[in-house]
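Enquirer: Sharing a structure below in structure tokens format, with a few things to ask.
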Amino acid sequence: MSEKTRIIDTDKVVIRFSGDSGDGMQLAGTIFSNLSAVFGNEISTFPDYPAEIRAPQGTLGGVSGFQVHLGKRIYTPGDKCDVLVAMNPAALKTNVKFVKPNTIIIFDEDSFTESDLKKADYKTLDPFAELGLSNVQKVAVPVETMVKSSLADMGMDNKAILRSKNMFALGLVCWLFNRPMEHAMEMLKNKFGKKPSILDANIKVLTDGYNYGNNIHATVSTYRIEGESSEKGYYMDINGNKATALGLVAAAEKAGIPLFLGSYPITPATDILHELSKLKALGVKTVQAEDEIAGICTAIGASFAGNLAATSTSGPGLALKSEALGLAVMAEIPLVVVDVQRGGPSTGLPTKTEQTDLLQALYGRNGESPLVVMAASTPTDCFDMAFTASKIALEYMTPVILLTDAFIGNGSSAWRIPDMGRYPEIRIPYVKDEHKEGWKPYRRHESTNVRYKAIPGMEDFMHRLGGLEKDFHTSAISTNPENHEHMTQVRQDKIDHVANNIPLLNVMGNPDADTLVVGWGGTFGHLYSAVEELNQSGHPVAFAHFRFISPMPKNAEEVLRRYKKVIVAELNNGQFASFLRGKVPGVNIAQINQMQAQPFQVSEIVEDVIKLMEK
Amino acid sequence: METKYTAKDYKSDQYVRWCPGCGDHAVVNTLQKAMAEIGVAPHNTVVVSGIGCSSRLPYYMNTYGFHTIHGRGLAIATGVKTARPELSVWAVTGDGDCLAIGGNHFIHAVRRNVDINILLLNNKIYGLTKGQYSPTSDRGAVTKSSPFGTVEEPFVPAELTMGARGMFFARAIDVDLQTSKEVMVAAAHHAGASVVEILQNCVIFNDGIHKYVSDKEYRAERSIVLEHGKPMIFGAKRDKGLILEGLNLRVVTIGENGITENDLLVHDATTMDNLLHCKLAMMGVDNDMPVAFGVIRSVEAPVYDQEVEQQIKDVQAKKPERTLQDLLMAGEIWEVK
């Protein structure tokens, strides 16, 4: 037995589990991040799914990854990893871009045979040399052999035995990070409690993996990660899509009306449909519609009938919904549209992340068609933003598009279960008795221009809505030119009023700097971390992050004009930058754009900002 | 039948803007009468439509109404009914709106068996866009967009409905107010998606398209009104009837070749097997049989909106969580003290 060479005390660490899509890497990663959260670490995770459902085993197309960043002050799942678990050569090759000097690479040497290397298109028999990985800490583990001997006496078939390989890897990682095993076992019990033989096998392999790490003569660093004393309360691990679903539920409860989701399955938004379909006990209704158009149209129908109605989709689906969105604008009907953005155009990169639907959300409809556009910034922010989107939709009688993305939708972090008593009330502008006299459906509140809401079942308030332009006074169909101009302005004015009810833009980082970094939506964590690094390394920058885009926070123009240089960083070709140039003309805007359908890397933003500051 | 409401209660104050002589005038008047007979209060009634001449109808009804977008009326009606099953939901649509741009929503609303009363006004032409052929135009129809005749096969709404597992199909013609009203009432009383095809005349772009059966001179000889439980008799002298010969329907004359009324088929609209319903509905299409009117098919089956509600009740009987807080605290959580 040898002593471990050294124990590193650190405040953050990045671990990436990777293997064949059938290797159970998502489960191993989820369990590890959850038990780290229980241990008191902040966590941020990001699953990196392959595009193919089941690519041939061992090939590059079938590699599935799960990255977790844990420790203190964690805002992203991390750039490059401190530890990479590679269950086969394909996983090693696909993830080489996440390796940095001294990364610990744990790999299953049983899966690195000549035929395995061939499947992953290696030219030589030395994968590490071929990939230029010289300065790394290699930990070769005969995972398959160990798992087979570990389960030799359990009377299981070979296939079932090999399915436990992920637990051996998990055990090893637990050893590496000094993680107690009890919580992992607890979580396995929750997952496999109904199948005792599988549970026993998993626990045995997990323990053997841990002990193996403890016993080998490995000369690698092990870690002790500082726990963060989080705010008191109950916590759970939540991804952005689930948080979005629950935010809608919370809003329906607050408003005192049922929740309805009309949706058509689309990656990466489908989990919202899955989550809400489970919540029958809470009275949530979901319709899996025949197409994207029916998804939004059933929601529009449910909204007309008085429910809080939502539809969930991604970019291609939003394109299909655009005509119906126009109807919701024209009929002034509350509706929440969640667009979990993915790489585009067309089918694009369905499992990958991007911020390329912004202009579609703002302008992708016929006619002057103003609505509210918002963007969630982190997985847990999806809850608050879905709640707020619902509140605005209901209170202002308008469709709201909430933009999230594959990164925050699938990524997760620990979430403190909120006290709903501290969330604001939602007040629906229902008609009142005094409106009965001469009731017209487009009768509006004088100052906000919000029309009053009557729903079927209310006596004396029968009315007809529709997509045709209506007369401002009589609510009858009208083609009068002046009336159309007036109604167009009224609809815009109503949306502009929303700005009175959204938070002001908060300036973070060093507010007195000359340079302002601006972001929006799901890039918050990367930009925040980059700004922190910049300020710590003697490059003063301020940081403003937009969650509300249409309308913008009331102080947005004033904030932008305060700085000599504004750098807009986004995962597209400059959509928000061009929007800002139109809204706040004359501001000196520089751009950082990435179009790789991957999240930013903090280190790259830091470099790019420094370059732009020096220009 | 005695109810609290009269047709006037369902009439809005809007000026009706269809062309003089349009068959839609008869449909809206008949619908108002039917609704009065059905007796659901105007404020508990919702009329949804898509786009097209017929889709203007909700504006003329003093109910809750929603004139939506082209082809999507049934998807929106599905949302209304699923959210609020206690409402009486009607959808008014035309052959273009329902079977071309809205074809997908039509087959799925029918398949799901959402309790919506679908009035499909079939004039075999696009009226609002001024005279193009529709998915029900006969092969060879000469229209503005088919100056040399169409080269495509039309849909037969009944056949499509039954192909989509439809449980209710009825047919009427605009000039026959009595049958129109009867099938509307029957559709409303049927739980599930009820498809009512109303053959309707477009005086401007397709005048006389249904003349074969609308003309009083020979309507009785060329059509048959089916009634559940009654023998299939037609003709001006009520001397013709239908029998089944092998798998084919055949017209016979009572009194000839020893045929009596007892030999005729008795209409059963309630059989799950739709073979005979389909045969009856296809009479007059590619054959010289009389066109069938009335309720051709009316079968009880699970209703989507009721099933959605039932499932919620069933789950609630097993799971105690009723609020988000309950739900979260029952999940995988940990406490930081």
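Ordered as shown in the structure tokens, chains take letters A, B, and onward, while each chain numbers its residues from 1 and ligands are numbered from 1 in the order shown.
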Which chain B residues are at most 6 Å from chain A (counting only C-alpha atoms), as a ChimeraX atom specification?

Expert: /B:43-44,63-68,75-80,83,312,315-316,322,333-337

Enquirer: What lies within 7 Å of Gly235 (chain B) using only C-alpha atoms, ignoring chain neighbours under 2 positions off, as a PyMOL selection string?

Expert: chain B and resi 220-221+237-240

Enquirer: Can I get the selected residues back with N, CA and C atoms, as a short mmCIF file (atom, residue, chain, number, x, y, z; two decimals), in the first residue's frame?

Expert:
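For reference, again-v7.cif as written:
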```
data_model
loop_
_atom_site.label_atom_id
_atom_site.label_comp_id
_atom_site.auth_asym_id
_atom_site.auth_seq_id
_atom_site.Cartn_x
_atom_site.Cartn_y
_atom_site.Cartn_z
N ALA B 220 -86.31 14.03 -53.24
CA ALA B 220 -86.85 12.85 -52.55
C ALA B 220 -86.35 11.54 -53.17
N GLU B 221 -86.12 11.57 -54.47
CA GLU B 221 -85.68 10.35 -55.14
C GLU B 221 -84.18 10.13 -55.01
N LYS B 237 -92.81 8.77 -53.04
CA LYS B 237 -93.97 7.96 -52.63
C LYS B 237 -93.61 7.04 -51.47
N ARG B 238 -92.42 7.22 -50.89
CA ARG B 238 -91.94 6.36 -49.79
C ARG B 238 -92.02 4.89 -50.19
N ASP B 239 -91.66 4.62 -51.45
CA ASP B 239 -91.79 3.24 -51.92
C ASP B 239 -90.42 2.61 -52.22
N LYS B 240 -89.34 3.35 -51.95
CA LYS B 240 -88.01 2.79 -52.20
C LYS B 240 -87.31 2.51 -50.89
#
```

Enquirer: Which residues are near Thr488 (chain A)? Cut-off 8 Å, only C-alpha atoms, ignore same chain within fewer than 4 positions. Put them as a PyMOL selection string.

Expert: chain A and resi 368+484+492

Enquirer: Would you kindly return, as a ChimeraX atom specification, each protein, DNA or RNA residue with an atom no farther than 6 Å from any atom of region 256-266 of chain B, considering only C-alpha atoms and excluding same-chain residues fewer than 6 positions away?

Expert: /B:229-232,242-243

Enquirer: Neighbours of Ser550 (chain A) within 8 Å (only C-alpha atoms; same-chain residues fewer than 4 positions away dropped), as a count of residues only?

Expert: 6

Enquirer: Give me, please, the distance in Å between CA of Pro50 (chain A) and CA of Ser21 (chain A), quoted to one decimal.

Expert: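 According to the coordinates, CA of Pro50 (chain A) and CA of Ser21 (chain A) are separated by 7.3 Å.
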
Enquirer: Pick out the residues sitting within 8 Å of Ile118 (chain B), and hand them over as a PyMOL selection string; count only C-alpha atoms, and ignore anything fewer than 5 positions along from it in its own chain.

Expert: chain B and resi 90-93+193-196
